[in-house]
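Novice: I am sharing final-v7.csv, which consists of CSV, C-alpha atoms and all ligand atoms:
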```csv
chain,number,residue,atom,x,y,z
A,1,MET,CA,38.8,-63.8,-30.3
A,2,ILE,CA,38.4,-60.7,-32.5
A,3,PRO,CA,35.9,-61.5,-35.3
A,4,PHE,CA,36.4,-59.7,-38.6
A,5,LEU,CA,32.8,-58.5,-38.3
A,6,ASP,CA,29.8,-59.5,-36.2
A,7,LEU,CA,26.5,-58.2,-37.5
A,8,ASN,CA,24.7,-58.7,-34.2
A,9,GLN,CA,27.3,-56.4,-32.6
A,10,ILE,CA,27.0,-53.9,-35.5
A,11,ASN,CA,23.2,-53.7,-35.3
A,12,GLU,CA,22.7,-54.0,-31.6
A,13,PRO,CA,22.4,-50.3,-30.7
A,14,HIS,CA,19.9,-49.8,-33.5
A,15,LEU,CA,17.6,-52.8,-32.6
A,16,PRO,CA,14.9,-51.0,-30.5
A,17,ALA,CA,14.3,-48.5,-33.3
A,18,ILE,CA,14.5,-51.2,-35.9
A,19,GLU,CA,11.9,-53.3,-34.1
A,20,GLU,CA,9.6,-50.4,-33.9
A,21,ALA,CA,10.1,-49.6,-37.6
A,22,THR,CA,9.6,-53.2,-38.8
A,23,LEU,CA,6.5,-53.6,-36.7
A,24,ARG,CA,5.1,-50.4,-38.3
A,25,VAL,CA,5.7,-51.9,-41.8
A,26,LEU,CA,4.3,-55.3,-40.8
A,27,ARG,CA,1.1,-53.6,-39.6
A,28,SER,CA,0.8,-51.2,-42.5
A,29,GLY,CA,-0.4,-53.7,-45.0
A,30,TRP,CA,1.8,-52.1,-47.7
A,31,TYR,CA,5.1,-53.8,-48.5
A,32,ILE,CA,6.4,-52.7,-51.9
A,33,LEU,CA,6.8,-49.2,-53.4
A,34,GLY,CA,5.3,-47.3,-50.6
A,35,ASN,CA,6.0,-44.4,-48.3
A,36,GLU,CA,8.9,-46.0,-46.5
A,37,LEU,CA,10.8,-46.3,-49.7
A,38,LYS,CA,9.9,-42.7,-50.7
A,39,ALA,CA,11.1,-41.4,-47.4
A,40,PHE,CA,14.4,-43.4,-47.6
A,41,GLU,CA,15.0,-42.3,-51.2
A,42,LYS,CA,14.5,-38.7,-50.2
A,43,SER,CA,16.9,-38.9,-47.2
A,44,PHE,CA,19.6,-40.8,-49.0
A,45,ALA,CA,19.5,-38.4,-52.0
A,46,ASP,CA,19.9,-35.5,-49.6
A,47,TYR,CA,22.7,-37.3,-47.7
A,48,CYS,CA,24.6,-37.9,-51.0
A,49,GLU,CA,23.8,-34.4,-52.2
A,50,ALA,CA,22.6,-36.1,-55.3
A,51,GLY,CA,19.2,-34.8,-56.1
A,52,TYR,CA,17.7,-38.2,-56.9
A,53,CYS,CA,17.8,-41.7,-55.4
A,54,VAL,CA,16.1,-44.8,-56.7
A,55,GLY,CA,15.9,-47.8,-54.3
A,56,VAL,CA,16.6,-51.2,-56.0
A,57,ALA,CA,17.0,-54.8,-54.9
A,58,ASN,CA,20.9,-54.9,-54.5
A,59,GLY,CA,24.1,-53.3,-55.5
A,60,LEU,CA,24.6,-55.5,-58.6
A,61,ASP,CA,21.2,-54.5,-59.9
A,62,ALA,CA,22.0,-50.8,-59.2
A,63,ILE,CA,25.0,-51.0,-61.6
A,64,THR,CA,23.0,-53.1,-64.2
A,65,LEU,CA,20.1,-50.7,-64.2
A,66,ILE,CA,22.3,-47.7,-64.7
A,67,LEU,CA,24.0,-49.3,-67.7
A,68,LYS,CA,20.6,-50.5,-69.0
A,69,ALA,CA,19.2,-47.0,-68.8
A,70,PHE,CA,22.1,-45.6,-70.9
A,71,ASP,CA,21.1,-48.2,-73.5
A,72,PHE,CA,24.6,-48.5,-75.1
A,73,PRO,CA,24.7,-50.6,-78.3
A,74,ALA,CA,25.8,-54.2,-77.8
A,75,GLY,CA,29.6,-54.5,-78.2
A,76,SER,CA,30.2,-51.0,-76.7
A,77,GLU,CA,33.4,-50.9,-74.6
A,78,ILE,CA,33.2,-50.0,-70.9
A,79,ILE,CA,36.3,-49.1,-69.0
A,80,VAL,CA,36.4,-51.0,-65.7
A,81,PRO,CA,38.9,-51.2,-62.8
A,82,ALA,CA,40.9,-54.5,-62.9
A,83,ASN,CA,41.2,-54.4,-59.1
A,84,THR,CA,37.6,-54.6,-57.8
A,85,TYR,CA,34.9,-57.0,-56.7
A,86,ILE,CA,33.4,-59.0,-59.6
A,87,ALA,CA,30.0,-57.2,-59.2
A,88,SER,CA,31.5,-54.0,-60.7
A,89,VAL,CA,32.0,-55.9,-64.0
A,90,LEU,CA,29.3,-58.6,-64.2
A,91,PRO,CA,26.6,-56.0,-65.4
A,92,VAL,CA,28.9,-55.0,-68.3
A,93,SER,CA,29.1,-58.5,-69.7
A,94,ALA,CA,25.5,-59.3,-68.8
A,95,LEU,CA,24.3,-56.5,-71.1
A,96,ASN,CA,26.6,-57.7,-74.0
A,97,LEU,CA,29.0,-54.8,-73.4
A,98,VAL,CA,32.8,-55.4,-73.4
A,99,PRO,CA,34.7,-54.8,-70.2
A,100,VAL,CA,38.1,-53.1,-70.8
A,101,PHE,CA,40.3,-53.5,-67.7
A,102,VAL,CA,42.5,-50.7,-66.4
A,103,GLU,CA,45.2,-51.4,-63.8
A,104,PRO,CA,45.1,-49.7,-60.4
A,105,ASP,CA,47.3,-46.9,-59.0
A,106,PRO,CA,50.0,-48.8,-57.0
A,107,VAL,CA,49.3,-46.8,-53.8
A,108,THR,CA,45.6,-46.4,-53.7
A,109,MET,CA,44.8,-49.7,-55.5
A,110,LEU,CA,41.9,-47.8,-57.2
A,111,ILE,CA,41.6,-47.4,-61.0
A,112,ASP,CA,44.6,-45.4,-62.2
A,113,PRO,CA,43.3,-42.3,-63.9
A,114,LEU,CA,46.6,-42.0,-65.8
A,115,LYS,CA,46.0,-45.3,-67.5
A,116,ILE,CA,42.5,-44.8,-68.6
A,117,GLU,CA,43.0,-42.7,-71.8
A,118,GLU,CA,45.2,-45.3,-73.5
A,119,LYS,CA,42.3,-47.8,-73.2
A,120,ILE,CA,39.7,-45.5,-74.8
A,121,SER,CA,38.7,-46.5,-78.4
A,122,PRO,CA,35.9,-45.3,-80.8
A,123,LEU,CA,33.7,-48.0,-79.2
A,124,THR,CA,34.1,-46.7,-75.6
A,125,ARG,CA,30.9,-45.4,-74.0
A,126,ALA,CA,31.5,-45.2,-70.3
A,127,ILE,CA,34.0,-45.5,-67.4
A,128,ILE,CA,33.1,-47.4,-64.2
A,129,THR,CA,35.0,-46.3,-61.2
A,130,THR,CA,34.8,-48.3,-58.0
A,131,ASP,CA,35.4,-46.5,-54.6
A,132,LEU,CA,37.0,-49.7,-53.3
A,133,TYR,CA,37.6,-50.1,-49.6
A,134,GLY,CA,35.8,-46.8,-48.9
A,135,ARG,CA,38.0,-44.3,-50.8
A,136,CYS,CA,36.8,-42.2,-53.7
A,137,CYS,CA,38.6,-42.5,-57.0
A,138,GLU,CA,40.4,-39.5,-58.5
A,139,MET,CA,37.1,-38.0,-59.7
A,140,ASP,CA,38.4,-34.6,-61.0
A,141,THR,CA,40.7,-36.2,-63.5
A,142,ILE,CA,38.3,-39.0,-64.4
A,143,MET,CA,35.4,-36.6,-65.0
A,144,GLN,CA,37.7,-34.5,-67.2
A,145,ILE,CA,38.7,-37.5,-69.3
A,146,ALA,CA,35.0,-38.5,-69.6
A,147,GLN,CA,34.1,-35.0,-70.8
A,148,ARG,CA,36.9,-34.9,-73.3
A,149,HIS,CA,35.8,-38.2,-74.8
A,150,GLN,CA,32.0,-37.8,-74.2
A,151,LEU,CA,31.8,-40.8,-72.0
A,152,LYS,CA,29.4,-41.5,-69.1
A,153,VAL,CA,30.9,-42.1,-65.6
A,154,VAL,CA,29.3,-44.7,-63.4
A,155,THR,CA,30.6,-45.0,-59.8
A,156,ASP,CA,30.3,-48.2,-57.9
A,157,ALA,CA,30.1,-46.9,-54.3
A,158,ALA,CA,29.0,-50.2,-52.7
A,159,GLN,CA,31.8,-49.8,-50.2
A,160,ALA,CA,31.8,-46.0,-49.8
A,161,HIS,CA,28.6,-44.6,-48.3
A,162,GLY,CA,29.5,-41.1,-47.1
A,163,ALA,CA,33.0,-40.9,-48.7
A,164,LEU,CA,34.1,-37.5,-50.1
A,165,PHE,CA,36.2,-36.3,-52.9
A,166,GLN,CA,37.4,-32.7,-52.5
A,167,GLY,CA,34.5,-32.1,-50.2
A,168,LYS,CA,31.8,-33.6,-52.5
A,169,LYS,CA,30.0,-36.8,-51.5
A,170,THR,CA,30.3,-39.9,-53.7
A,171,GLY,CA,26.8,-40.3,-55.1
A,172,GLY,CA,26.6,-36.7,-56.4
A,173,ILE,CA,29.7,-36.7,-58.6
A,174,ALA,CA,29.4,-39.2,-61.4
A,175,ASP,CA,26.6,-39.4,-63.9
A,176,ALA,CA,25.1,-42.1,-61.7
A,177,THR,CA,26.3,-43.9,-58.6
A,178,ALA,CA,25.4,-47.4,-57.4
A,179,PHE,CA,25.2,-48.4,-53.8
A,180,SER,CA,24.8,-51.7,-52.0
A,181,PHE,CA,23.2,-52.0,-48.6
A,182,TYR,CA,24.3,-55.6,-48.2
A,183,PRO,CA,24.3,-56.2,-44.4
A,184,THR,CA,28.1,-55.9,-44.0
A,185,LYS,CA,28.4,-52.5,-45.7
A,186,ASN,CA,28.9,-49.2,-43.9
A,187,LEU,CA,25.1,-48.7,-44.3
A,188,GLY,CA,23.7,-52.2,-44.2
A,189,ALA,CA,20.2,-53.6,-44.4
A,190,PHE,CA,18.8,-56.8,-42.9
A,191,GLY,CA,18.9,-58.5,-46.3
A,192,ASP,CA,19.7,-57.5,-49.8
A,193,ALA,CA,19.1,-53.8,-50.8
A,194,GLY,CA,20.7,-51.2,-53.1
A,195,ALA,CA,20.2,-47.8,-54.6
A,196,VAL,CA,21.1,-45.5,-57.5
A,197,THR,CA,21.8,-41.9,-57.0
A,198,THR,CA,22.1,-39.2,-59.7
A,199,LEU,CA,21.8,-35.5,-60.4
A,200,ASP,CA,19.9,-36.3,-63.6
A,201,LYS,CA,16.1,-36.3,-63.1
A,202,SER,CA,15.2,-38.0,-66.3
A,203,LEU,CA,17.8,-40.7,-65.7
A,204,ALA,CA,16.4,-41.3,-62.2
A,205,GLU,CA,12.9,-41.6,-63.7
A,206,LYS,CA,14.0,-44.1,-66.3
A,207,ILE,CA,15.7,-46.2,-63.7
A,208,ALA,CA,12.6,-46.1,-61.4
A,209,TYR,CA,10.6,-47.4,-64.3
A,210,LEU,CA,13.2,-50.0,-65.3
A,211,ARG,CA,13.3,-51.4,-61.7
A,212,ASN,CA,9.5,-52.0,-61.9
A,213,TYR,CA,9.0,-53.9,-65.2
A,214,GLY,CA,9.7,-50.7,-67.2
A,215,SER,CA,6.4,-49.4,-66.1
A,216,GLN,CA,5.5,-45.8,-65.3
A,217,GLU,CA,1.8,-46.4,-65.1
A,218,ARG,CA,0.3,-49.7,-64.0
A,219,TYR,CA,0.1,-52.3,-66.8
A,220,LYS,CA,1.6,-49.9,-69.3
A,221,ASN,CA,5.3,-50.8,-70.1
A,222,ASP,CA,7.5,-48.3,-71.8
A,223,TYR,CA,10.7,-50.4,-71.4
A,224,GLN,CA,11.6,-54.0,-71.1
A,225,GLY,CA,12.3,-53.7,-67.4
A,226,VAL,CA,13.0,-56.0,-64.5
A,227,ASN,CA,11.8,-56.6,-61.0
A,228,SER,CA,14.4,-55.0,-58.7
A,229,ARG,CA,12.6,-53.0,-56.0
A,230,LEU,CA,13.9,-52.1,-52.6
A,231,ASP,CA,11.1,-53.3,-50.3
A,232,GLU,CA,9.4,-51.3,-47.5
A,233,MET,CA,10.9,-53.3,-44.7
A,234,GLN,CA,14.5,-52.8,-45.8
A,235,ALA,CA,13.8,-49.1,-46.6
A,236,ALA,CA,12.4,-48.6,-43.0
A,237,ILE,CA,15.4,-50.3,-41.5
A,238,LEU,CA,17.8,-48.2,-43.6
A,239,SER,CA,16.0,-45.0,-42.5
A,240,VAL,CA,16.7,-45.9,-38.9
A,241,LYS,CA,20.4,-46.5,-39.5
A,242,LEU,CA,21.2,-43.6,-42.0
A,243,PRO,CA,21.2,-40.8,-39.3
A,244,PHE,CA,24.0,-42.8,-37.5
A,245,LEU,CA,26.2,-43.3,-40.6
A,246,ASP,CA,28.4,-40.3,-40.2
A,247,GLU,CA,29.0,-41.1,-36.5
A,248,GLU,CA,29.9,-44.7,-37.4
A,249,ASN,CA,32.1,-43.6,-40.2
A,250,LYS,CA,33.9,-41.2,-37.8
A,251,ARG,CA,34.6,-44.2,-35.5
A,252,ARG,CA,36.0,-46.1,-38.5
A,253,LYS,CA,38.3,-43.1,-39.2
A,254,GLU,CA,39.6,-43.0,-35.6
A,255,ILE,CA,40.5,-46.7,-35.9
A,256,ALA,CA,42.1,-46.2,-39.2
A,257,ALA,CA,44.2,-43.3,-37.8
A,258,ARG,CA,45.4,-45.6,-34.9
A,259,TYR,CA,46.3,-48.4,-37.4
A,260,LEU,CA,48.1,-45.9,-39.6
A,261,ASN,CA,50.1,-44.3,-36.8
A,262,GLU,CA,50.8,-47.3,-34.7
A,263,ILE,CA,51.3,-50.3,-37.0
A,264,LYS,CA,55.0,-50.4,-37.7
A,265,LEU,CA,56.1,-53.6,-39.3
A,266,PRO,CA,58.8,-53.7,-41.9
A,267,ASP,CA,57.6,-55.1,-45.3
A,268,LEU,CA,53.9,-54.3,-44.4
A,269,ILE,CA,52.4,-51.8,-46.8
A,270,LEU,CA,49.7,-49.7,-45.2
A,271,PRO,CA,46.9,-48.0,-47.1
A,272,PRO,CA,47.5,-44.3,-47.9
A,273,GLY,CA,46.4,-42.0,-45.1
A,274,ASP,CA,46.5,-38.8,-47.2
A,275,ARG,CA,42.7,-38.5,-47.3
A,276,ILE,CA,41.9,-40.1,-43.9
A,277,ASN,CA,38.9,-37.9,-43.2
A,278,GLU,CA,37.4,-38.2,-46.7
A,279,ASP,CA,37.7,-42.0,-46.8
A,280,VAL,CA,35.1,-44.1,-44.9
A,281,TRP,CA,37.3,-47.1,-44.3
A,282,HIS,CA,34.9,-49.8,-45.3
A,283,LEU,CA,38.0,-52.1,-45.2
A,284,PHE,CA,41.5,-51.6,-43.9
A,285,VAL,CA,43.6,-53.3,-46.5
A,286,VAL,CA,47.3,-53.9,-45.9
A,287,ARG,CA,49.8,-55.7,-48.1
A,288,HIS,CA,52.5,-58.2,-47.2
A,289,ASN,CA,54.5,-60.5,-49.5
A,290,ARG,CA,54.2,-63.4,-47.0
A,291,ARG,CA,50.4,-63.1,-46.7
A,292,GLN,CA,49.6,-66.6,-45.8
A,293,ASP,CA,52.1,-66.6,-42.9
A,294,LEU,CA,50.7,-63.4,-41.5
A,295,VAL,CA,47.1,-64.6,-41.8
A,296,LYS,CA,47.9,-67.8,-40.0
A,297,TYR,CA,49.9,-65.9,-37.3
A,298,LEU,CA,47.0,-63.5,-36.7
A,299,GLU,CA,44.6,-66.4,-36.6
A,300,ASN,CA,46.7,-68.1,-33.9
A,301,LYS,CA,46.5,-64.8,-32.0
A,302,GLY,CA,42.7,-64.9,-32.2
A,303,ILE,CA,42.4,-62.2,-34.9
A,304,GLN,CA,40.2,-62.9,-37.8
A,305,THR,CA,41.3,-61.4,-41.1
A,306,ASN,CA,39.8,-61.5,-44.6
A,307,ILE,CA,41.1,-61.2,-48.2
A,308,HIS,CA,39.5,-58.7,-50.6
A,309,TYR,CA,40.0,-60.4,-53.0
A,310,PRO,CA,42.0,-63.6,-53.6
A,311,LEU,CA,41.6,-64.0,-57.4
A,312,PRO,CA,41.3,-61.1,-59.9
A,313,ILE,CA,38.2,-61.0,-62.2
A,314,HIS,CA,40.3,-61.7,-65.4
A,315,LYS,CA,41.6,-64.9,-63.8
A,316,GLN,CA,38.2,-66.3,-62.8
A,317,GLN,CA,36.7,-69.3,-64.5
A,318,ALA,CA,33.6,-67.1,-65.3
A,319,TYR,CA,35.9,-65.0,-67.5
A,320,ALA,CA,37.9,-67.8,-69.0
A,321,HIS,CA,38.2,-65.9,-72.3
A,322,LEU,CA,40.1,-63.2,-70.5
A,323,ASN,CA,42.4,-65.4,-68.5
A,324,ASP,CA,45.4,-64.5,-70.6
A,325,GLU,CA,45.1,-60.7,-70.1
A,326,GLN,CA,48.3,-59.2,-68.6
A,327,LEU,CA,47.4,-57.2,-65.5
A,328,PRO,CA,50.5,-57.8,-63.4
A,329,LEU,CA,49.8,-55.1,-60.7
A,330,THR,CA,46.3,-56.3,-60.1
A,331,GLU,CA,47.6,-59.9,-59.8
A,332,LYS,CA,50.3,-58.8,-57.4
A,333,ILE,CA,47.8,-57.0,-55.3
A,334,HIS,CA,45.5,-60.0,-55.2
A,335,ARG,CA,48.5,-62.1,-53.9
A,336,GLU,CA,49.4,-59.7,-51.1
A,337,VAL,CA,46.2,-58.0,-49.6
A,338,ILE,CA,44.9,-58.7,-46.2
A,339,SER,CA,42.0,-56.9,-44.5
A,340,LEU,CA,42.4,-56.2,-40.8
A,341,PRO,CA,39.3,-56.0,-38.6
A,342,LEU,CA,37.8,-52.5,-38.7
A,343,HIS,CA,34.2,-51.7,-37.8
A,344,PRO,CA,32.5,-49.1,-35.6
A,345,ARG,CA,32.1,-51.5,-32.6
A,346,LEU,CA,35.8,-52.4,-32.2
A,347,THR,CA,36.9,-51.4,-28.7
A,348,ASP,CA,40.1,-49.5,-27.9
A,349,ASP,CA,41.6,-52.6,-26.3
A,350,GLU,CA,40.8,-54.7,-29.3
A,351,ILE,CA,42.5,-52.1,-31.6
A,352,SER,CA,45.6,-52.1,-29.4
A,353,TYR,CA,45.7,-55.9,-29.4
A,354,VAL,CA,45.5,-56.0,-33.3
A,355,ILE,CA,48.3,-53.3,-33.5
A,356,GLN,CA,50.5,-55.1,-31.0
A,357,SER,CA,50.0,-58.5,-32.6
A,358,VAL,CA,50.8,-57.2,-36.1
A,359,ASN,CA,53.9,-55.4,-34.9
A,360,GLN,CA,55.2,-58.6,-33.3
A,361,PHE,CA,54.9,-60.7,-36.5
A,362,ASP,CA,58.1,-62.6,-37.2
A,363,SER,CA,60.0,-61.1,-34.2
A,401,LIG,C1,32.5,-53.1,-54.9
A,401,LIG,C2,31.2,-53.8,-54.9
A,401,LIG,N1,30.3,-53.6,-55.9
A,401,LIG,C3,29.1,-54.2,-55.9
A,401,LIG,C4,28.7,-55.0,-54.9
A,401,LIG,C5,27.4,-55.7,-55.1
A,401,LIG,O1,26.5,-55.4,-54.1
A,401,LIG,P1,25.3,-56.5,-53.8
A,401,LIG,O2,25.9,-57.6,-53.0
A,401,LIG,O3,24.3,-55.7,-53.0
A,401,LIG,O4,24.7,-56.9,-55.1
A,401,LIG,C6,29.5,-55.2,-53.8
A,401,LIG,C7,29.1,-56.0,-52.6
A,401,LIG,O5,28.7,-57.1,-52.5
A,401,LIG,C8,30.8,-54.6,-53.8
A,401,LIG,O6,31.6,-54.7,-52.7
```
Could you show the structure in this file as structure tokens?
Specialist:
Amino acid sequence: MIPFLDLNQINEPHLPAIEEATLRVLRSGWYILGNELKAFEKSFADYCEAGYCVGVANGLDAITLILKAFDFPAGSEIIVPANTYIASVLPVSALNLVPVFVEPDPVTMLIDPLKIEEKISPLTRAIITTDLYGRCCEMDTIMQIAQRHQLKVVTDAAQAHGALFQGKKTGGIADATAFSFYPTKNLGAFGDAGAVTTLDKSLAEKIAYLRNYGSQERYKNDYQGVNSRLDEMQAAILSVKLPFLDEENKRRKEIAARYLNEIKLPDLILPPGDRINEDVWHLFVVRHNRRQDLVKYLENKGIQTNIHYPLPIHKQQAYAHLNDEQLPLTEKIHREVISLPLHPRLTDDEISYVIQSVNQFDS
């Protein structure tokens, strides 16, 4: 049986160092907003070539706090990808802003930069780009559009720690970038955790206050903030794992390269391999017009797959008022996608077995 992902297996090599780090925190008597967080924020900002990093409670809050810091008037429109996880869009509606969906590029499945401008109105204030599956969006074009229309760019890089666009790390490109360290991510904590990175010092400071009740100084509140802090325990664990992120991403690239070169099944659409070394392959998402049959077949072969994602945001009950929107490409993608197992602990034999099994589908 090849599981889609096994967190014990993922974390196993790091456990001795994590045990030491967590014991240090347990015995420190300091659990929130301390030196462990400061140290992780510094190393993650450096890693992302971003200047500043603010640890927060999770990836959803990271996006919410960025938008809150920009303080757009209620009713402002925010351009969002139609093909993404719902967490990219929930912060928009939660802050009484209006999500305006843009269809993906048919090959990358990421927000199509050529379809953004037609959705910009006098009310538009920002563009959210999601580096879905571990690949950066077309940031040169998107930053140019934003500049032309004086919009902010917020990147949701929850799935893309370490991904590059033209040699630049995600996290240091947009006005602000949100990360999730949910346990299954390329850099995963042992619970919920997230961060914002930015090159803008005053924005970083504002987000740091907002995550802590809007307070710069104890019991003095400059903003109506929230409680969304990355705790010392998770920060210490992330500091143990961060130095291994590039090595683990490299293994993901090797696996992706084998899948791209060796999977040969008519009617199966592979993800683009043009930026194989810049992508971090959080997910290896293929498409097939008989998805359910392929999922069942692989399940019978002992290969667990996953679907990212089965129902688009605009078709969810939570967004019933948007259910009539016409986003045909997004809907087609949601009908066809299948994620194959891809994680740094997958063995060469397991990779060969997945390839061989996929290639034999329907034969
Ligand atoms: C694309 C994307 N955005 C945002 C999030 C939200 O992160 P979190 O679960 O840490 O709130 C996730 C992951 O869950 C995600 O995959």
Novice: Can you check which parts of chain A lie within 6 Å of ligand LIG 401 (chain A)? Per residue, the shortest pair of atoms and distance in Å to one decimal, counting only C-alpha atoms and all ligand atoms, sorted by chain and number, as a Markdown table.
Specialist:
```
| residue | atom | partner | partner_atom | distance |
| --- | --- | --- | --- | --- |
| A:Asn58 | CA | A:LIG401 | O3 | 3.8 |
| A:Gly59 | CA | A:LIG401 | O3 | 3.5 |
| A:Leu60 | CA | A:LIG401 | O4 | 3.8 |
| A:Tyr85 | CA | A:LIG401 | C1 | 4.9 |
| A:Ala87 | CA | A:LIG401 | C3 | 4.5 |
| A:Ser88 | CA | A:LIG401 | N1 | 5.0 |
| A:Leu132 | CA | A:LIG401 | C1 | 5.9 |
| A:Asp156 | CA | A:LIG401 | N1 | 5.8 |
| A:Ala158 | CA | A:LIG401 | C2 | 4.8 |
| A:Gln159 | CA | A:LIG401 | O6 | 5.5 |
| A:Ser180 | CA | A:LIG401 | O3 | 4.2 |
| A:Phe181 | CA | A:LIG401 | O3 | 5.9 |
| A:Tyr182 | CA | A:LIG401 | O3 | 4.8 |
| A:Asp192 | CA | A:LIG401 | O3 | 5.9 |
| A:Ala193 | CA | A:LIG401 | O3 | 6.0 |
| A:Gly194 | CA | A:LIG401 | O3 | 5.8 |
```
Novice: Find the nearest atom pair between each residue of stretch 124-226 of chain A and stretch 333-342 of chain A for residues within 12 Å, count only C-alpha atoms, give distances in Å to one decimal, sort rows by chain and ascending number, and present the table as a Markdown table.
Specialist:
```
| residue | atom | partner | partner_atom | distance |
| --- | --- | --- | --- | --- |
| A:Tyr133 | CA | A:Ser339 | CA | 9.6 |
| A:Gly134 | CA | A:Leu342 | CA | 11.9 |
| A:Thr184 | CA | A:Leu342 | CA | 11.6 |
| A:Lys185 | CA | A:Leu342 | CA | 11.7 |
| A:Asn186 | CA | A:Leu342 | CA | 10.8 |
```
Novice: Provide the atom CA of A:Ala82 to atom CA of A:Val100 distance in Å, to one decimal place.
Specialist: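 Atom-to-atom, atom CA of A:Ala82 and atom CA of A:Val100 are spaced 8.5 Å apart.
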Novice: Grab the atom CA of A:Asp46 to atom CA of A:Ile63 distance for me, in Å with one decimal place.
Specialist: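 Calculated distance between atom CA of A:Asp46 and atom CA of A:Ile63 is 20.3 Å.
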Novice: Write out as a list of chain:residue names each polymer residue whose atoms come within 9 Å of A:Val358, counting only C-alpha atoms; drop sequence neighbours fewer than 3 positions from it.
Specialist: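 So, after excluding close chain neighbours, the residues are A:Ile263, A:Lys264, A:Leu265, A:Leu294, A:Tyr297, A:Leu298, A:Tyr353, A:Val354, A:Ile355, A:Phe361.
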Novice: Pick the closest to A:Val102 from A:His308, A:His321, A:His314, A:Arg135: which is it, counting all atoms listed in the file?
Specialist: A:His314
Novice: As a list in words, please: the residues near stretch 166-171 of chain A (cut-off 6 Å, all atoms listed in the file, same-chain neighbours under 2 positions excluded).
Specialist: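 Contacts, with the query itself left out: Cys48, Ala50, Ala163, Leu164, Ile173, Thr177 and Thr197 of chain A.
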Novice: Once you count all atoms listed in the file, which residues end up no further than 12 Å from (4.2, -47.9, -56.6) in the file's frame, shown as a list in words?
Specialist: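 These residues have at least one counted atom within 12 Å: Trp30, Tyr31, Ile32, Leu33, Gly34, Asn35, Glu36, Leu37, Lys38, Gly55, Ala208, Tyr209, Arg211, Asn212, Tyr213, Ser215, Gln216, Glu217, Arg218, Tyr219, Arg229, Leu230, Asp231 and Glu232 of chain A.
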Novice: Might you pull out every residue within 10 Å of A:Ala146, with only C-alpha atoms counted and same-chain residues fewer than 4 positions away left off, and present them as a PDB file with C-alpha atoms, in the frame of the given file?
Specialist:
```
ATOM      1  CA  ILE A 116      42.500 -44.800 -68.600  1.00  0.00           C
ATOM      2  CA  GLU A 117      43.000 -42.700 -71.800  1.00  0.00           C
ATOM      3  CA  ILE A 120      39.700 -45.500 -74.800  1.00  0.00           C
ATOM      4  CA  ARG A 125      30.900 -45.400 -74.000  1.00  0.00           C
ATOM      5  CA  ALA A 126      31.500 -45.200 -70.300  1.00  0.00           C
ATOM      6  CA  ILE A 127      34.000 -45.500 -67.400  1.00  0.00           C
ATOM      7  CA  THR A 141      40.700 -36.200 -63.500  1.00  0.00           C
ATOM      8  CA  ILE A 142      38.300 -39.000 -64.400  1.00  0.00           C
ATOM      9  CA  GLN A 150      32.000 -37.800 -74.200  1.00  0.00           C
ATOM     10  CA  LEU A 151      31.800 -40.800 -72.000  1.00  0.00           C
ATOM     11  CA  LYS A 152      29.400 -41.500 -69.100  1.00  0.00           C
ATOM     12  CA  VAL A 153      30.900 -42.100 -65.600  1.00  0.00           C
ATOM     13  CA  ALA A 174      29.400 -39.200 -61.400  1.00  0.00           C
TER      14      ALA A 174
END
```
Novice: Which of these residues is nearest to A:Val154, using only C-alpha atoms: A:Leu114, A:Cys137, A:Ile66, A:Ile207?
Specialist: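 When distances to A:Val154 are compared using only C-alpha atoms, the smallest one comes from A:Ile66.
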Novice: Using all atoms listed in the file, which of the listed residues (A:Phe179, A:Phe72, A:Phe190, A:Tyr309) sits closest to A:Leu15?
Specialist: A:Phe190
Novice: I'd like the interatomic distance between atom CA of A:Leu260 and atom CA of A:Phe284, to a tenth of an Å.
Specialist: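 Spanning atom CA of A:Leu260 to atom CA of A:Phe284 is a straight-line distance of 9.7 Å.
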Novice: Which residue out of A:Arg345, A:Lys241, A:His161, A:Lys250 has the minimum interatomic distance to A:Ala17 when only C-alpha atoms are used?
Specialist: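 Answer, going by the shortest atom-to-atom distance: A:Lys241.
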Novice: Please determine the residues with any atom at most 12 Å from (18.1, -43.1, -67.1) (coordinates as given in the file, with all atoms listed in the file counting) and report them as a PyMOL selection string.
Specialist: chain A and resi 52-54+62-72+152+154+175-177+196-211+214+223
Novice: Given all atoms listed in the file as the basis, pick out the residue of A:Val89, A:Ala318, A:Ile2, A:Ala45 nearest to A:Gly172.
Specialist: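 Counting all atoms listed in the file, the residue closest to A:Gly172 is A:Ala45.
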Novice: Skipping near chain neighbours, those fewer than 3 positions away, what residues fall within 12 Å of A:Pro13 using only C-alpha atoms, listed as a list in words?
Specialist: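 So, after excluding close chain neighbours, the residues are Leu7, Asn8, Gln9, Ile10, Pro16, Ala17, Ile18, Glu19, Val240, Lys241, Phe244, Glu248, Pro344 and Arg345 of chain A.
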Novice: Considering all atoms listed in the file, state which residue in the set A:Arg251, A:Lys220, A:Ile351, A:Leu329 is at the smallest distance from A:Ile111.
Specialist: A:Leu329
